[in-house]
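Only one structure is covered here, and it is reproduced in the block below.
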Amino acid sequence: MPRPALTRDQIVSTAVELLDEDGLEGLNMRALGQRLNSAATAVYWHVKNKDGLVALAGDRVWDEIRLPDVDAVGWRAAATAMATDLHGVFTRHPWLVQALAAHLFHGEAKARHDDHSLAVYEAAGFTGAEADRAAAAVFTYVLGNASGASATAALSRRIRREGGDPEEVFAATLKEAAEVASRFPRLRSRVDAMSTAAVTYAEGPEDTFAYGLDALLDGLTARLPG
């Protein structure tokens with residue numbers, strides 16, 4: 001009995017699953033074909049190459065970001081909600097942070113998000129290039145804040161591929177980092193105040209993202225005309 005024909009939706013959904021588990025380095029047409037129980041050549045009927053597949057997968061997860069009604073909630077609440085959702089997408093799909101450095105992303109979901117983001121900052125009172133800069137500043141902040149989680153996920157996969165235990169490697173690294181930090185007074189006081197075992201590799205202080213986002217929006221508010 002012939003296998004049912006693949007659809008682009010099936011391919012993209014499965015690609016997102018594969019990327020979430022194995023990262024960019026684990027995505028290839030052969031691995032994708034195996035997950036789809038289909039020949040790799042069948043995928044090429046829908047997607048030209050890996051770059052195209054990553055672009056489609058990125059646009060799929062970008063659609064997870066909610067677009068609040070700025071007239072109903074106000075520009076700042078809308079900006080906070082969109083930035084928080086974007087941060088959630090980056091941490092749920094850490095490969096996307098890596099992909100942004102090596103792939104050109106475009107698609108309807110991303111365009112819809114970007115257009116709404118500009119509408120939020122225009123509603124605040126920014127116009128033209130100022131709205132562009134405000135939206136870009138918040139996006140860059142969110143991306144940078146999520147880079148630690150992305151790096152940790154990629155490093156964990158590499159350590160496992162090489163037969164190691166990520167938790168053991170991170171614990172040893174944190175111990176070495178604490179020893180170096182103890183030579184500096186401000187860092188030493190913070191090392192003494194925390195339990196190394198309770199700290200996650202590359203993790204910042206609690207509520208770092210929310211604190212920084214609030215401070216950034218305060219700064220943008222101060223720049224509003226009038």
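Letters A, B, ... go to the chains of the structure tokens in the order shown; residues in each chain start at 1; ligands are counted from 1 in the same order.
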- request: Could you give me, as a PyMOL selection string, the residues within 9 Å of region 78-88 of chain A, counting only C-alpha atoms and dropping anything in the same chain fewer than 5 positions from it?
  value: chain A and resi 62+64-70+73+93+113+117+120-121+135+138-139+142-143+145-146+209-210+213-214+217
How would the residues just chosen look if you wrote them out with N, CA and C atoms as a PDB file, in the first residue's frame?
```pdb
ATOM      1  N   TRP A  62       7.646  31.577  15.085  1.00  0.00           N
ATOM      2  CA  TRP A  62       7.398  33.005  15.272  1.00  0.00           C
ATOM      3  C   TRP A  62       5.904  33.270  15.445  1.00  0.00           C
ATOM      4  N   GLU A  64       3.994  31.817  17.294  1.00  0.00           N
ATOM      5  CA  GLU A  64       3.591  31.578  18.681  1.00  0.00           C
ATOM      6  C   GLU A  64       3.496  32.874  19.482  1.00  0.00           C
ATOM      7  N   ILE A  65       4.023  33.951  18.930  1.00  0.00           N
ATOM      8  CA  ILE A  65       4.031  35.229  19.642  1.00  0.00           C
ATOM      9  C   ILE A  65       2.676  35.907  19.488  1.00  0.00           C
ATOM     10  N   ARG A  66       2.070  36.239  20.599  1.00  0.00           N
ATOM     11  CA  ARG A  66       0.767  36.912  20.566  1.00  0.00           C
ATOM     12  C   ARG A  66       0.945  38.388  20.197  1.00  0.00           C
ATOM     13  N   LEU A  67      -0.097  38.931  19.569  1.00  0.00           N
ATOM     14  CA  LEU A  67      -0.076  40.327  19.136  1.00  0.00           C
ATOM     15  C   LEU A  67      -1.199  41.069  19.864  1.00  0.00           C
ATOM     16  N   PRO A  68      -0.902  41.680  21.001  1.00  0.00           N
ATOM     17  CA  PRO A  68      -1.944  42.328  21.808  1.00  0.00           C
ATOM     18  C   PRO A  68      -2.576  43.529  21.100  1.00  0.00           C
ATOM     19  N   ASP A  69      -3.792  43.800  21.468  1.00  0.00           N
ATOM     20  CA  ASP A  69      -4.503  44.974  20.963  1.00  0.00           C
ATOM     21  C   ASP A  69      -3.968  46.199  21.702  1.00  0.00           C
ATOM     22  N   VAL A  70      -3.151  46.991  21.027  1.00  0.00           N
ATOM     23  CA  VAL A  70      -2.499  48.117  21.681  1.00  0.00           C
ATOM     24  C   VAL A  70      -3.514  49.157  22.138  1.00  0.00           C
ATOM     25  N   VAL A  73      -4.857  47.709  25.604  1.00  0.00           N
ATOM     26  CA  VAL A  73      -3.975  47.527  26.763  1.00  0.00           C
ATOM     27  C   VAL A  73      -2.941  48.634  26.920  1.00  0.00           C
ATOM     28  N   HIS A  93      12.746  27.339  21.845  1.00  0.00           N
ATOM     29  CA  HIS A  93      13.357  26.900  20.596  1.00  0.00           C
ATOM     30  C   HIS A  93      14.751  27.543  20.489  1.00  0.00           C
ATOM     31  N   HIS A 113       4.458  39.938  12.907  1.00  0.00           N
ATOM     32  CA  HIS A 113       5.000  40.338  14.204  1.00  0.00           C
ATOM     33  C   HIS A 113       5.721  41.680  14.102  1.00  0.00           C
ATOM     34  N   SER A 117       4.786  45.155  15.905  1.00  0.00           N
ATOM     35  CA  SER A 117       5.746  45.776  16.814  1.00  0.00           C
ATOM     36  C   SER A 117       5.910  47.255  16.487  1.00  0.00           C
ATOM     37  N   VAL A 120       3.007  49.228  17.727  1.00  0.00           N
ATOM     38  CA  VAL A 120       3.050  49.456  19.177  1.00  0.00           C
ATOM     39  C   VAL A 120       3.851  50.716  19.490  1.00  0.00           C
ATOM     40  N   TYR A 121       5.033  50.840  18.882  1.00  0.00           N
ATOM     41  CA  TYR A 121       5.884  51.989  19.201  1.00  0.00           C
ATOM     42  C   TYR A 121       5.383  53.267  18.537  1.00  0.00           C
ATOM     43  N   ALA A 135      11.800  49.647  18.307  1.00  0.00           N
ATOM     44  CA  ALA A 135      11.477  48.227  18.111  1.00  0.00           C
ATOM     45  C   ALA A 135      12.747  47.393  18.047  1.00  0.00           C
ATOM     46  N   VAL A 138      14.472  46.862  21.553  1.00  0.00           N
ATOM     47  CA  VAL A 138      13.822  45.852  22.385  1.00  0.00           C
ATOM     48  C   VAL A 138      14.102  44.456  21.833  1.00  0.00           C
ATOM     49  N   PHE A 139      14.022  44.303  20.508  1.00  0.00           N
ATOM     50  CA  PHE A 139      14.304  42.998  19.909  1.00  0.00           C
ATOM     51  C   PHE A 139      15.726  42.547  20.240  1.00  0.00           C
ATOM     52  N   VAL A 142      16.037  41.368  23.844  1.00  0.00           N
ATOM     53  CA  VAL A 142      15.454  40.039  24.058  1.00  0.00           C
ATOM     54  C   VAL A 142      16.377  38.959  23.502  1.00  0.00           C
ATOM     55  N   LEU A 143      16.889  39.179  22.299  1.00  0.00           N
ATOM     56  CA  LEU A 143      17.776  38.211  21.672  1.00  0.00           C
ATOM     57  C   LEU A 143      19.029  37.983  22.511  1.00  0.00           C
ATOM     58  N   ASN A 145      19.415  38.507  25.707  1.00  0.00           N
ATOM     59  CA  ASN A 145      19.083  37.873  26.979  1.00  0.00           C
ATOM     60  C   ASN A 145      18.877  36.372  26.817  1.00  0.00           C
ATOM     61  N   ALA A 146      18.407  35.953  25.648  1.00  0.00           N
ATOM     62  CA  ALA A 146      18.144  34.528  25.419  1.00  0.00           C
ATOM     63  C   ALA A 146      19.373  33.762  24.949  1.00  0.00           C
ATOM     64  N   PHE A 209      15.619  39.289  33.194  1.00  0.00           N
ATOM     65  CA  PHE A 209      14.976  39.691  31.940  1.00  0.00           C
ATOM     66  C   PHE A 209      13.926  40.763  32.189  1.00  0.00           C
ATOM     67  N   ALA A 210      13.042  40.533  33.145  1.00  0.00           N
ATOM     68  CA  ALA A 210      11.971  41.489  33.425  1.00  0.00           C
ATOM     69  C   ALA A 210      12.548  42.826  33.893  1.00  0.00           C
ATOM     70  N   LEU A 213      14.119  44.604  30.827  1.00  0.00           N
ATOM     71  CA  LEU A 213      13.088  45.064  29.901  1.00  0.00           C
ATOM     72  C   LEU A 213      12.379  46.297  30.450  1.00  0.00           C
ATOM     73  N   ASP A 214      12.071  46.282  31.736  1.00  0.00           N
ATOM     74  CA  ASP A 214      11.408  47.423  32.357  1.00  0.00           C
ATOM     75  C   ASP A 214      12.291  48.662  32.284  1.00  0.00           C
ATOM     76  N   LEU A 217      12.302  49.981  28.672  1.00  0.00           N
ATOM     77  CA  LEU A 217      11.056  50.691  28.349  1.00  0.00           C
ATOM     78  C   LEU A 217      10.972  52.026  29.087  1.00  0.00           C
TER      79      LEU A 217
END
```
10 Å contact set for Leu53 (chain A), only C-alpha atoms, chain neighbours under 4 positions out, as a PyMOL selection string: chain A and resi 8+11-12+15-16+27-29+43-44+46-49+57-59
So that I have them on file, write out the residues from the current selection with all heavy atoms, as a compact mmCIF listing (two decimals), in the first residue's frame.
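Contents of result_27.txt, as written:
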```
# COMPACT_ATOMS: atom_id res chain seq x y z
N ARG A 8 3.66 20.03 3.15
CA ARG A 8 4.62 20.98 3.69
C ARG A 8 4.40 21.18 5.18
O ARG A 8 5.36 21.31 5.95
CB ARG A 8 4.51 22.32 2.95
CG ARG A 8 5.40 23.39 3.56
CD ARG A 8 5.37 24.68 2.77
NE ARG A 8 6.18 24.58 1.57
CZ ARG A 8 6.68 25.64 0.92
NH1 ARG A 8 6.44 26.87 1.37
NH2 ARG A 8 7.39 25.50 -0.16
N ILE A 11 6.09 18.44 7.07
CA ILE A 11 7.54 18.59 7.01
C ILE A 11 8.02 19.67 7.98
O ILE A 11 8.97 19.47 8.74
CB ILE A 11 7.97 18.92 5.57
CG1 ILE A 11 7.73 17.71 4.66
CG2 ILE A 11 9.44 19.35 5.52
CD1 ILE A 11 7.89 18.01 3.19
N VAL A 12 7.35 20.82 7.98
CA VAL A 12 7.77 21.93 8.84
C VAL A 12 7.57 21.58 10.32
O VAL A 12 8.43 21.85 11.16
CB VAL A 12 7.03 23.22 8.47
CG1 VAL A 12 7.38 24.34 9.44
CG2 VAL A 12 7.36 23.64 7.04
N ALA A 15 10.24 19.23 11.29
CA ALA A 15 11.52 19.94 11.34
C ALA A 15 11.66 20.71 12.66
O ALA A 15 12.75 20.72 13.26
CB ALA A 15 11.65 20.89 10.16
N VAL A 16 10.59 21.34 13.11
CA VAL A 16 10.64 22.06 14.39
C VAL A 16 10.93 21.08 15.53
O VAL A 16 11.75 21.36 16.42
CB VAL A 16 9.31 22.81 14.65
CG1 VAL A 16 9.27 23.37 16.08
CG2 VAL A 16 9.13 23.95 13.64
N LEU A 27 19.83 18.87 12.10
CA LEU A 27 18.82 18.94 11.04
C LEU A 27 19.45 18.67 9.68
O LEU A 27 20.35 19.38 9.25
CB LEU A 27 18.16 20.32 11.03
CG LEU A 27 17.10 20.53 9.93
CD1 LEU A 27 15.88 19.65 10.17
CD2 LEU A 27 16.68 22.00 9.87
N ASN A 28 18.99 17.64 9.02
CA ASN A 28 19.35 17.38 7.63
C ASN A 28 18.21 16.60 6.99
O ASN A 28 17.33 16.09 7.68
CB ASN A 28 20.68 16.62 7.52
CG ASN A 28 20.67 15.31 8.29
OD1 ASN A 28 19.93 14.39 7.94
ND2 ASN A 28 21.49 15.23 9.34
N MET A 29 18.22 16.54 5.69
CA MET A 29 17.10 15.94 4.98
C MET A 29 16.96 14.44 5.28
O MET A 29 15.86 13.91 5.34
CB MET A 29 17.25 16.16 3.46
CG MET A 29 17.21 17.63 3.05
SD MET A 29 15.72 18.49 3.66
CE MET A 29 15.84 20.04 2.77
N VAL A 43 11.23 15.06 0.54
CA VAL A 43 11.19 16.37 1.19
C VAL A 43 11.50 17.47 0.19
O VAL A 43 10.94 18.58 0.25
CB VAL A 43 12.20 16.41 2.36
CG1 VAL A 43 12.23 17.79 3.00
CG2 VAL A 43 11.84 15.35 3.40
N TYR A 44 12.37 17.18 -0.76
CA TYR A 44 12.79 18.20 -1.73
C TYR A 44 11.67 18.63 -2.67
O TYR A 44 11.79 19.65 -3.34
CB TYR A 44 13.98 17.67 -2.56
CG TYR A 44 15.27 17.64 -1.79
CD1 TYR A 44 15.80 16.43 -1.33
CD2 TYR A 44 15.98 18.81 -1.51
CE1 TYR A 44 17.00 16.38 -0.63
CE2 TYR A 44 17.17 18.77 -0.79
CZ TYR A 44 17.67 17.56 -0.36
OH TYR A 44 18.86 17.52 0.34
N HIS A 46 9.02 19.73 -1.60
CA HIS A 46 8.37 20.84 -0.89
C HIS A 46 9.36 21.93 -0.44
O HIS A 46 8.99 23.09 -0.33
CB HIS A 46 7.64 20.31 0.34
CG HIS A 46 6.55 19.34 0.04
ND1 HIS A 46 5.28 19.75 -0.28
CD2 HIS A 46 6.56 17.98 -0.02
CE1 HIS A 46 4.53 18.67 -0.51
NE2 HIS A 46 5.29 17.59 -0.36
N VAL A 47 10.62 21.53 -0.17
CA VAL A 47 11.62 22.46 0.36
C VAL A 47 12.91 22.26 -0.43
O VAL A 47 13.39 21.14 -0.57
CB VAL A 47 11.90 22.22 1.86
CG1 VAL A 47 12.84 23.28 2.40
CG2 VAL A 47 10.60 22.23 2.65
N LYS A 48 13.50 23.35 -0.91
CA LYS A 48 14.67 23.24 -1.78
C LYS A 48 15.92 22.77 -1.04
O LYS A 48 16.70 21.97 -1.56
CB LYS A 48 14.95 24.60 -2.43
CG LYS A 48 13.91 25.03 -3.46
CD LYS A 48 14.29 26.36 -4.08
CE LYS A 48 13.27 26.80 -5.12
NZ LYS A 48 13.62 28.10 -5.74
N ASN A 49 16.13 23.27 0.16
CA ASN A 49 17.37 22.96 0.87
C ASN A 49 17.19 23.21 2.37
O ASN A 49 16.12 23.63 2.82
CB ASN A 49 18.54 23.78 0.33
CG ASN A 49 18.19 25.27 0.25
OD1 ASN A 49 17.55 25.82 1.15
ND2 ASN A 49 18.63 25.93 -0.82
N ALA A 57 10.72 26.75 9.36
CA ALA A 57 10.57 26.38 10.77
C ALA A 57 10.58 27.62 11.66
O ALA A 57 9.81 27.73 12.63
CB ALA A 57 11.69 25.41 11.18
N GLY A 58 11.46 28.57 11.33
CA GLY A 58 11.52 29.81 12.11
C GLY A 58 10.22 30.58 12.04
O GLY A 58 9.74 31.10 13.04
N ASP A 59 9.64 30.65 10.84
CA ASP A 59 8.38 31.38 10.70
C ASP A 59 7.26 30.66 11.44
O ASP A 59 6.35 31.31 11.98
CB ASP A 59 8.02 31.53 9.23
CG ASP A 59 7.16 32.76 8.98
OD1 ASP A 59 7.54 33.86 9.42
OD2 ASP A 59 6.09 32.62 8.36
```
- prompt: Could you name the residues that touch region 33-39 of chain A at 9 Å or less, counting only C-alpha atoms, but leaving out those on the same chain fewer than 5 positions away, as a list in words?
  reply: Arg3, Leu6, Gln10, Ile11, Thr14, Leu18 and Asn28 of chain A
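Residue nearest Leu100 (chain A) within the list A:Arg190, A:Ala42, A:Ala55, A:Lys175: A:Ala55 [criterion: smallest interatomic distance, only C-alpha atoms].
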query: Taking the backbone alone, and naming residues the way the document does, which bits of chain A are helix (DSSP H, G or I) by DSSP, as an MDAnalysis selection string?
result: chainID A and resid 8:22 24:26 29:35 40:43 50:62 70:73 75:92 95:100 108:124 128:161 166:181 185:193 196:198 208:222
task: Mind checking which residues fall within 12 Å of Arg158 (chain A), counting only C-alpha atoms, ignoring those fewer than 6 positions away in the same chain, and posting them as a PyMOL selection string?
output: chain A and resi 22-26+151-152+164-166+169
Dump as a compact mmCIF listing (two decimals), in the first residue's frame, selection limited to N, CA, C and O atoms:
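New file selection38.txt:
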```
# COMPACT_ATOMS: atom_id res chain seq x y z
N ASP A 22 17.54 18.29 18.52
CA ASP A 22 18.92 18.08 18.07
C ASP A 22 19.62 19.34 17.59
O ASP A 22 20.79 19.29 17.22
N GLY A 23 18.93 20.48 17.57
CA GLY A 23 19.55 21.72 17.17
C GLY A 23 19.82 21.81 15.68
O GLY A 23 19.51 20.89 14.91
N LEU A 24 20.42 22.91 15.26
CA LEU A 24 20.72 23.13 13.85
C LEU A 24 21.64 22.05 13.30
O LEU A 24 21.48 21.61 12.16
N GLU A 25 22.59 21.61 14.12
CA GLU A 25 23.55 20.63 13.64
C GLU A 25 22.91 19.26 13.40
O GLU A 25 23.45 18.42 12.68
N GLY A 26 21.74 19.03 14.01
CA GLY A 26 21.08 17.74 13.85
C GLY A 26 20.05 17.72 12.74
O GLY A 26 19.46 16.67 12.46
N ALA A 151 23.08 28.98 24.08
CA ALA A 151 24.44 28.44 24.15
C ALA A 151 24.50 27.21 25.05
O ALA A 151 25.19 26.23 24.75
N THR A 152 23.77 27.24 26.17
CA THR A 152 23.76 26.11 27.08
C THR A 152 23.17 24.87 26.40
O THR A 152 23.68 23.76 26.55
N GLY A 164 29.92 12.76 27.30
CA GLY A 164 30.03 13.35 28.62
C GLY A 164 28.67 13.62 29.25
O GLY A 164 27.62 13.38 28.66
N ASP A 165 28.71 14.09 30.49
CA ASP A 165 27.51 14.44 31.24
C ASP A 165 27.48 15.96 31.41
O ASP A 165 28.33 16.52 32.12
N PRO A 166 26.54 16.65 30.75
CA PRO A 166 26.51 18.11 30.84
C PRO A 166 26.47 18.63 32.27
O PRO A 166 27.15 19.62 32.59
N VAL A 169 29.90 18.51 33.77
CA VAL A 169 30.79 19.51 33.16
C VAL A 169 30.45 20.91 33.65
O VAL A 169 31.34 21.69 34.01
```
- line: Nearest to Asp115 (chain A), restricted to only C-alpha atoms and choosing among A:Val54, A:Ala131, A:Arg183, A:Ala102, comes out as A:Ala131
- request: Extract, using only C-alpha atoms, all DNA, RNA and protein residues at most 10 Å from Leu118 (chain A), discarding same-chain residues fewer than 5 positions from it, and format them as number ranges by chain.
  value: A: 79, 113, 123-124, 126-128, 130-136
